[in-house]
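So this block is query_34.txt, compact mmCIF, C-alpha atoms:
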# COMPACT_ATOMS: atom_id res chain seq x y z
CA MET A 1 28.10 2.55 -42.62
CA GLN A 2 25.26 0.40 -41.39
CA LYS A 3 22.18 2.29 -40.34
CA PRO A 4 21.92 2.34 -36.56
CA ILE A 5 19.14 0.14 -35.19
CA THR A 6 17.26 2.70 -33.19
CA HIS A 7 13.73 3.38 -34.30
CA GLN A 8 12.12 0.15 -35.39
CA ARG A 9 9.46 0.16 -32.72
CA ARG A 10 5.81 0.17 -33.74
CA PRO A 11 4.93 3.60 -35.09
CA GLY A 12 2.79 5.49 -32.60
CA THR A 13 4.36 4.09 -29.43
CA TRP A 14 6.72 7.03 -29.06
CA ILE A 15 3.81 9.46 -28.70
CA TRP A 16 2.72 7.66 -25.49
CA GLN A 17 6.29 7.76 -24.25
CA ALA A 18 6.40 11.50 -25.00
CA LEU A 19 2.98 12.27 -23.48
CA SER A 20 3.69 10.36 -20.27
CA GLY A 21 7.14 12.00 -20.22
CA VAL A 22 5.63 15.49 -20.34
CA GLY A 23 3.23 14.44 -17.58
CA LEU A 24 6.21 13.27 -15.53
CA LEU A 25 7.96 16.63 -15.82
CA ILE A 26 4.99 18.07 -13.91
CA LEU A 27 4.36 15.12 -11.55
CA LEU A 28 8.04 14.65 -10.64
CA THR A 29 8.43 18.36 -9.90
CA LEU A 30 5.34 18.25 -7.64
CA HIS A 31 6.59 15.01 -6.00
CA MET A 32 9.97 16.56 -5.18
CA LEU A 33 8.56 19.91 -4.00
CA ALA A 34 5.86 18.24 -1.88
CA ASN A 35 8.29 15.78 -0.24
CA HIS A 36 11.06 18.26 0.49
CA PHE A 37 9.55 21.71 0.89
CA ILE A 38 5.98 21.60 2.30
CA ARG A 39 7.22 20.71 5.77
CA GLU A 40 10.31 22.74 6.61
CA GLY A 41 13.38 20.52 6.18
CA GLY A 42 11.36 17.90 4.32
CA LEU A 43 9.71 14.67 5.50
CA GLN A 44 11.89 13.03 8.12
CA THR A 45 10.10 11.31 10.98
CA TYR A 46 7.68 8.41 10.83
CA GLN A 47 4.88 10.78 11.89
CA ASP A 48 5.81 13.27 9.14
CA VAL A 49 5.28 10.61 6.49
CA VAL A 50 1.95 9.43 7.96
CA ALA A 51 0.63 13.02 8.16
CA TYR A 52 1.90 13.78 4.64
CA LEU A 53 0.18 10.83 2.96
CA SER A 54 -3.02 11.35 4.96
CA ASN A 55 -3.69 14.47 2.88
CA PRO A 56 -6.07 13.22 0.11
CA LEU A 57 -4.55 15.58 -2.49
CA ILE A 58 -1.06 14.25 -1.74
CA MET A 59 -2.33 10.68 -1.93
CA VAL A 60 -3.78 11.31 -5.39
CA LEU A 61 -0.55 13.04 -6.50
CA GLU A 62 1.70 10.20 -5.29
CA VAL A 63 -0.41 7.39 -6.76
CA ALA A 64 -0.79 9.24 -10.09
CA PHE A 65 2.97 9.85 -10.17
CA LEU A 66 3.70 6.17 -9.47
CA ALA A 67 1.28 5.00 -12.19
CA VAL A 68 2.66 7.36 -14.86
CA VAL A 69 6.34 6.84 -13.97
CA THR A 70 5.90 3.04 -13.99
CA TYR A 71 4.16 3.17 -17.38
CA HIS A 72 6.86 5.45 -18.83
CA ALA A 73 9.76 3.39 -17.43
CA LEU A 74 8.42 0.03 -18.62
CA LEU A 75 7.54 1.45 -22.05
CA GLY A 76 11.20 2.52 -22.22
CA VAL A 77 12.40 -0.96 -21.23
CA ARG A 78 10.15 -2.38 -23.93
CA ALA A 79 11.66 -0.01 -26.50
CA ILE A 80 15.13 -1.35 -25.67
CA PHE A 81 13.96 -4.92 -26.31
CA THR A 82 12.20 -3.82 -29.51
CA ASP A 83 15.47 -2.38 -30.78
CA LEU A 84 17.21 -5.73 -30.25
CA GLY A 85 15.19 -7.19 -33.14
CA LEU A 86 13.78 -10.16 -31.23
CA SER A 87 11.16 -12.54 -32.61
CA ASP A 88 7.44 -11.74 -32.32
CA ARG A 89 6.98 -14.60 -29.87
CA THR A 90 9.72 -13.33 -27.57
CA MET A 91 8.30 -9.80 -27.77
CA THR A 92 4.84 -11.08 -26.78
CA THR A 93 6.36 -12.74 -23.71
CA ILE A 94 8.31 -9.58 -22.84
CA ASN A 95 5.14 -7.48 -23.18
CA ARG A 96 3.28 -9.80 -20.79
CA VAL A 97 6.11 -9.85 -18.24
CA LEU A 98 6.39 -6.04 -18.31
CA THR A 99 2.61 -5.63 -17.97
CA VAL A 100 2.51 -7.91 -14.92
CA LEU A 101 5.56 -6.14 -13.43
CA GLY A 102 3.90 -2.76 -13.93
CA VAL A 103 0.65 -3.86 -12.29
CA VAL A 104 2.59 -5.32 -9.34
CA MET A 105 4.64 -2.12 -8.91
CA VAL A 106 1.59 0.17 -8.86
CA ALA A 107 -0.37 -2.25 -6.64
CA TRP A 108 2.60 -2.35 -4.22
CA GLY A 109 2.72 1.43 -4.05
CA VAL A 110 -1.04 1.70 -3.47
CA PHE A 111 -0.84 -0.95 -0.74
CA LEU A 112 2.03 0.91 0.99
CA THR A 113 0.12 4.21 0.75
CA LEU A 114 -3.07 2.73 2.25
CA TYR A 115 -1.04 0.97 4.96
CA ILE A 116 0.63 4.24 5.98
CA VAL A 117 -2.63 6.21 5.89
CA ARG A 118 -4.28 3.61 8.17
CA LEU A 119 -1.52 4.16 10.74
CA GLY A 120 -2.67 7.76 11.10
CA ALA A 121 -6.39 6.98 11.24
CA MET B 1 38.66 -15.90 -31.75
CA THR B 2 38.51 -14.42 -35.21
CA ARG B 3 36.52 -11.28 -35.70
CA MET B 4 33.41 -11.85 -37.76
CA PRO B 5 32.70 -9.64 -40.75
CA MET B 6 30.29 -6.80 -39.99
CA GLN B 7 27.29 -8.18 -41.90
CA HIS B 8 27.36 -11.42 -39.90
CA GLU B 9 27.50 -9.66 -36.57
CA PRO B 10 24.45 -10.58 -34.48
CA LEU B 11 21.72 -7.95 -34.41
CA TRP B 12 21.91 -7.42 -30.65
CA ARG B 13 25.64 -6.60 -30.89
CA ARG B 14 25.00 -4.26 -33.79
CA ALA B 15 22.29 -2.57 -31.70
CA LEU B 16 24.57 -2.21 -28.67
CA ARG B 17 27.30 -0.70 -30.83
CA ALA B 18 24.79 1.63 -32.43
CA TRP B 19 23.77 2.94 -29.00
CA PHE B 20 26.97 3.09 -27.06
CA ASP B 21 30.00 3.18 -29.35
CA PRO B 22 30.67 6.89 -29.80
CA ARG B 23 33.29 6.38 -32.55
CA GLY B 24 32.16 7.85 -35.85
CA HIS B 25 28.83 8.91 -34.39
CA ASP B 26 27.45 12.41 -34.18
CA LEU B 27 26.11 14.31 -31.23
CA GLY B 28 22.56 13.10 -31.86
CA LEU B 29 23.54 9.52 -31.19
CA ILE B 30 25.48 10.45 -28.08
CA ALA B 31 22.33 12.23 -26.86
CA PHE B 32 20.35 9.06 -27.63
CA ALA B 33 22.79 6.86 -25.68
CA LEU B 34 22.77 9.30 -22.75
CA ASN B 35 18.98 9.15 -22.69
CA ARG B 36 19.00 5.35 -22.72
CA LEU B 37 21.62 5.05 -19.99
CA SER B 38 19.88 7.60 -17.75
CA GLY B 39 16.54 5.89 -18.45
CA ILE B 40 17.89 2.50 -17.40
CA GLY B 41 19.40 4.07 -14.27
CA LEU B 42 16.16 5.85 -13.36
CA THR B 43 14.15 2.64 -13.86
CA ALA B 44 16.55 0.80 -11.54
CA TYR B 45 16.14 3.63 -9.02
CA LEU B 46 12.33 3.42 -9.24
CA LEU B 47 12.42 -0.29 -8.33
CA LEU B 48 14.92 0.36 -5.53
CA HIS B 49 12.80 3.26 -4.24
CA LEU B 50 9.70 1.04 -3.97
CA VAL B 51 11.68 -1.67 -2.17
CA VAL B 52 13.37 0.76 0.24
CA LEU B 53 10.13 2.55 1.15
CA THR B 54 8.80 -0.82 2.29
CA THR B 55 11.04 -0.30 5.36
CA PHE B 56 8.12 1.75 6.69
CA ILE B 57 6.15 -1.44 7.37
CA ARG B 58 8.91 -2.62 9.72
CA GLY B 59 8.12 0.17 12.14
CA GLU B 60 9.37 3.48 13.43
CA SER B 61 12.91 2.51 14.50
CA ALA B 62 13.61 0.75 11.19
CA TRP B 63 12.40 3.89 9.38
CA GLN B 64 14.59 6.20 11.49
CA GLY B 65 17.55 3.93 10.74
CA PHE B 66 16.93 4.35 7.02
CA VAL B 67 16.57 8.15 7.30
CA THR B 68 19.90 8.35 9.16
CA LEU B 69 21.54 6.22 6.46
CA ALA B 70 20.01 8.39 3.72
CA LYS B 71 21.70 11.46 5.23
CA SER B 72 25.20 9.93 5.04
CA PRO B 73 27.65 11.51 2.56
CA LEU B 74 27.65 8.38 0.36
CA PHE B 75 23.87 8.56 -0.04
CA VAL B 76 23.96 12.30 -0.72
CA ALA B 77 26.55 11.60 -3.46
CA MET B 78 24.22 8.99 -4.93
CA ASP B 79 21.39 11.54 -4.74
CA ALA B 80 23.57 13.86 -6.84
CA VAL B 81 23.90 11.17 -9.53
CA LEU B 82 20.14 10.57 -9.38
CA ILE B 83 19.39 14.28 -9.78
CA LEU B 84 21.81 14.53 -12.69
CA GLY B 85 20.09 11.56 -14.34
CA MET B 86 16.63 13.08 -13.88
CA ILE B 87 17.76 16.44 -15.28
CA ILE B 88 19.50 14.95 -18.34
CA HIS B 89 16.62 12.58 -19.09
CA GLY B 90 13.86 15.11 -18.47
CA LEU B 91 15.35 18.02 -20.38
CA ASN B 92 16.57 15.85 -23.25
CA GLY B 93 13.08 14.33 -23.33
CA ILE B 94 11.64 17.78 -24.05
CA ARG B 95 14.07 18.12 -26.97
CA VAL B 96 13.22 14.65 -28.35
CA THR B 97 9.47 15.34 -28.04
CA LEU B 98 9.76 18.66 -29.89
CA ILE B 99 11.72 17.00 -32.69
CA GLY B 100 9.25 14.09 -32.83
CA LEU B 101 6.41 16.58 -33.23
CA GLY B 102 8.28 18.21 -36.11
CA PHE B 103 9.82 21.24 -34.42
CA GLY B 104 13.45 22.24 -34.64
CA ALA B 105 14.98 19.12 -36.19
CA ARG B 106 17.42 21.40 -38.02
CA HIS B 107 18.58 22.89 -34.73
CA GLN B 108 18.72 19.69 -32.68
CA LYS B 109 22.42 20.01 -31.93
CA THR B 110 22.01 23.55 -30.67
CA MET B 111 19.03 22.35 -28.65
CA PHE B 112 21.13 19.57 -27.13
CA ALA B 113 23.82 22.03 -26.09
CA LEU B 114 21.16 24.36 -24.68
CA VAL B 115 19.52 21.50 -22.76
CA MET B 116 22.85 20.47 -21.25
CA ALA B 117 23.68 24.06 -20.27
CA VAL B 118 20.28 24.58 -18.60
CA GLY B 119 20.66 21.16 -16.96
CA LEU B 120 24.03 22.10 -15.49
CA VAL B 121 22.57 25.26 -13.93
CA VAL B 122 19.59 23.33 -12.49
CA PHE B 123 21.98 20.69 -11.13
CA LEU B 124 24.21 23.27 -9.44
CA VAL B 125 21.19 24.99 -7.85
CA ALA B 126 19.87 21.61 -6.61
CA MET B 127 23.26 20.72 -5.11
CA TYR B 128 23.48 24.12 -3.43
CA VAL B 129 20.05 23.57 -1.83
CA ILE B 130 20.96 20.04 -0.70
CA VAL B 131 24.34 20.93 0.79
CA PHE B 132 23.81 24.43 2.18
CA VAL B 133 20.07 24.94 2.83
CA LYS B 134 18.89 22.92 5.78

Before anything else, please render the file you have as structure tokens.
Amino acid sequence: MQKPITHQRRPGTWIWQALSGVGLLILLTLHMLANHFIREGGLQTYQDVVAYLSNPLIMVLEVAFLAVVTYHALLGVRAIFTDLGLSDRTMTTINRVLTVLGVVMVAWGVFLTLYIVRLGA
Amino acid sequence: MTRMPMQHEPLWRRALRAWFDPRGHDLGLIAFALNRLSGIGLTAYLLLHLVVLTTFIRGESAWQGFVTLAKSPLFVAMDAVLILGMIIHGLNGIRVTLIGLGFGARHQKTMFALVMAVGLVVFLVAMYVIVFVK
């Protein structure tokens, strides 16, 4: 039987995937608890969301969660491409595209957060 | 079309078969495929989540419209799939990390079964909270 093509990524990358993953276990739990259980019945109205994000601690939690989850997700997408055995040139392009995508995603989330916080100010 | 011999099969097809064709594969590979599939799903959800939350910019009534939609049975069913994906990916991730660090490789099948059992309990509790606790 042919050996499955599964772990040909650069050695050392998986540790970042694992570390960010462990971080996500904590951040995702906090994200879910904070969104659904701090206010009884969870965030529902427009005003609920504005008040929620206006708490500096919550803002830090949400932005940190977005940054780590984006990094972890795109590193995972990269691993899938790595396993396809593409050429170095193609991989360089994919790395660049994923980096730009990641920066845009986090920037978008930060913009949304600041926009919502300004509504409450 | 004639079927090409195995060694001439393109690498991408070989890779896809290695991930997703369960025939002749052991539990470890099924766990790997489950992790990949849930990871792809969660990444798609992350993008969707960012796009949907942008509704907030369109004002209060647009936001209320989205909240009402999110409470519909179809959306709650999709939430259930999302929660299942998070649980499978997160708990299996713990198992993969432990093995990667050199712990418990000999017991990885038992660990997979354990992870799935714990995951099922967590999923049932989450569904109970969603459906019955208001």

At a cut-off of 9 Å, can you tabulate as a tab-separated table every residue of chain A near chain B together with its closest atom pair and the distance in Å to one decimal, using all atoms listed in the file and ordering rows by chain then number?
residue	atom	partner	partner_atom	distance
A:Gln2	CA	B:Gln7	CA	8.8
A:Lys3	CA	B:Ala18	CA	8.4
A:Pro4	CA	B:Ala18	CA	5.1
A:Ile5	CA	B:Ala15	CA	5.4
A:Thr6	CA	B:Ala15	CA	7.4
A:Trp14	CA	B:Gly100	CA	8.4
A:Ile15	CA	B:Thr97	CA	8.2
A:Ala18	CA	B:Thr97	CA	5.8
A:Leu19	CA	B:Thr97	CA	8.5
A:Gly21	CA	B:Gly93	CA	7.1
A:Val22	CA	B:Ile94	CA	7.4
A:Leu24	CA	B:Gly90	CA	8.4
A:Leu25	CA	B:Gly90	CA	6.6
A:Glu40	CA	B:Lys134	CA	8.6
A:Gly41	CA	B:Lys134	CA	6.0
A:Gln44	CA	B:Val67	CA	6.8
A:Thr45	CA	B:Gln64	CA	6.8
A:Tyr46	CA	B:Glu60	CA	5.8
A:Gln47	CA	B:Glu60	CA	8.7
A:Val69	CA	B:Leu46	CA	8.4
A:Thr70	CA	B:Leu46	CA	8.0
A:Ala73	CA	B:Thr43	CA	5.7
A:Leu74	CA	B:Thr43	CA	7.9
A:Gly76	CA	B:Gly39	CA	7.4
A:Val77	CA	B:Ile40	CA	7.5
A:Ile80	CA	B:Arg36	CA	8.3
A:Asp83	CA	B:Ala15	CA	6.9
A:Leu84	CA	B:Trp12	CA	5.0
A:Gly85	CA	B:Leu11	CA	6.7
A:Leu86	CA	B:Trp12	CA	8.6
A:Met105	CA	B:Leu50	CA	7.7
A:Trp108	CA	B:Leu50	CA	7.9
A:Gly109	CA	B:Leu50	CA	7.0
A:Leu112	CA	B:Thr54	CA	7.1
A:Tyr115	CA	B:Ile57	CA	8.0
A:Ile116	CA	B:Phe56	CA	7.9

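Straight-line separation from CA of Met32 (chain A) to CA of Ser38 (chain B): 18.3 Å.
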
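Every protein or nucleic acid residue with an atom no more than 9 Å from His31 (chain A), counting only C-alpha atoms and leaving out same-chain residues fewer than 6 positions away, appears here: Ile58, Leu61, Glu62 and Phe65 of chain A.
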
Taking 6 positions as the minimum chain separation for residues in the same chain, which residues sit within 10 Å of Leu119 (chain A) when counting all atoms listed in the file? Answer as a list in words. Gln47, Val50, Ala51 and Ser54 of chain A

If you measure from CA of Arg95 (chain B) to CA of Val118 (chain B), what distance in Å do you get, rounded to one decimal?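 CA of Val118 (chain B) lies 12.3 Å from CA of Arg95 (chain B).
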
Pick from A:Leu30, A:Val100, A:His36, A:Ala79 nearest to Val60 (chain A), counting only C-alpha atoms: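 Selected residue with least distance to Val60 (chain A): A:Leu30.
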
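Distances here use only C-alpha atoms; by that measure, the residue among B:Arg58, B:Asp26, B:Thr110, B:Val129 closest to Val76 (chain B) is B:Val129.
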
Hey, which of A:Tyr71, A:Tyr52, A:Phe81, A:Phe111 ends up closest to Ala34 (chain A)? Count all atoms listed in the file. A:Tyr52

Using Å and a single decimal, report how far CA of Pro56 (chain A) sits from CA of Val104 (chain A).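 Separation between CA of Val104 (chain A) and CA of Pro56 (chain A): 22.5 Å.
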
Please put the answer as lines of an AutoDock Vina configuration file: centre and edge lengths, in Å with one decimal, of a box along x, y and z that encloses all listed atoms of region 91-98 of chain A plus 6 Å on each side.
center_x = 5.8
center_y = -9.4
center_z = -23.0
size_x = 17.0
size_y = 18.7
size_z = 21.5

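In terms of minimum interatomic distance to Leu34 (chain B), B:Leu84 ranks closest within B:Leu84, B:Ala126, B:Val131, B:Phe103, counting all atoms listed in the file.
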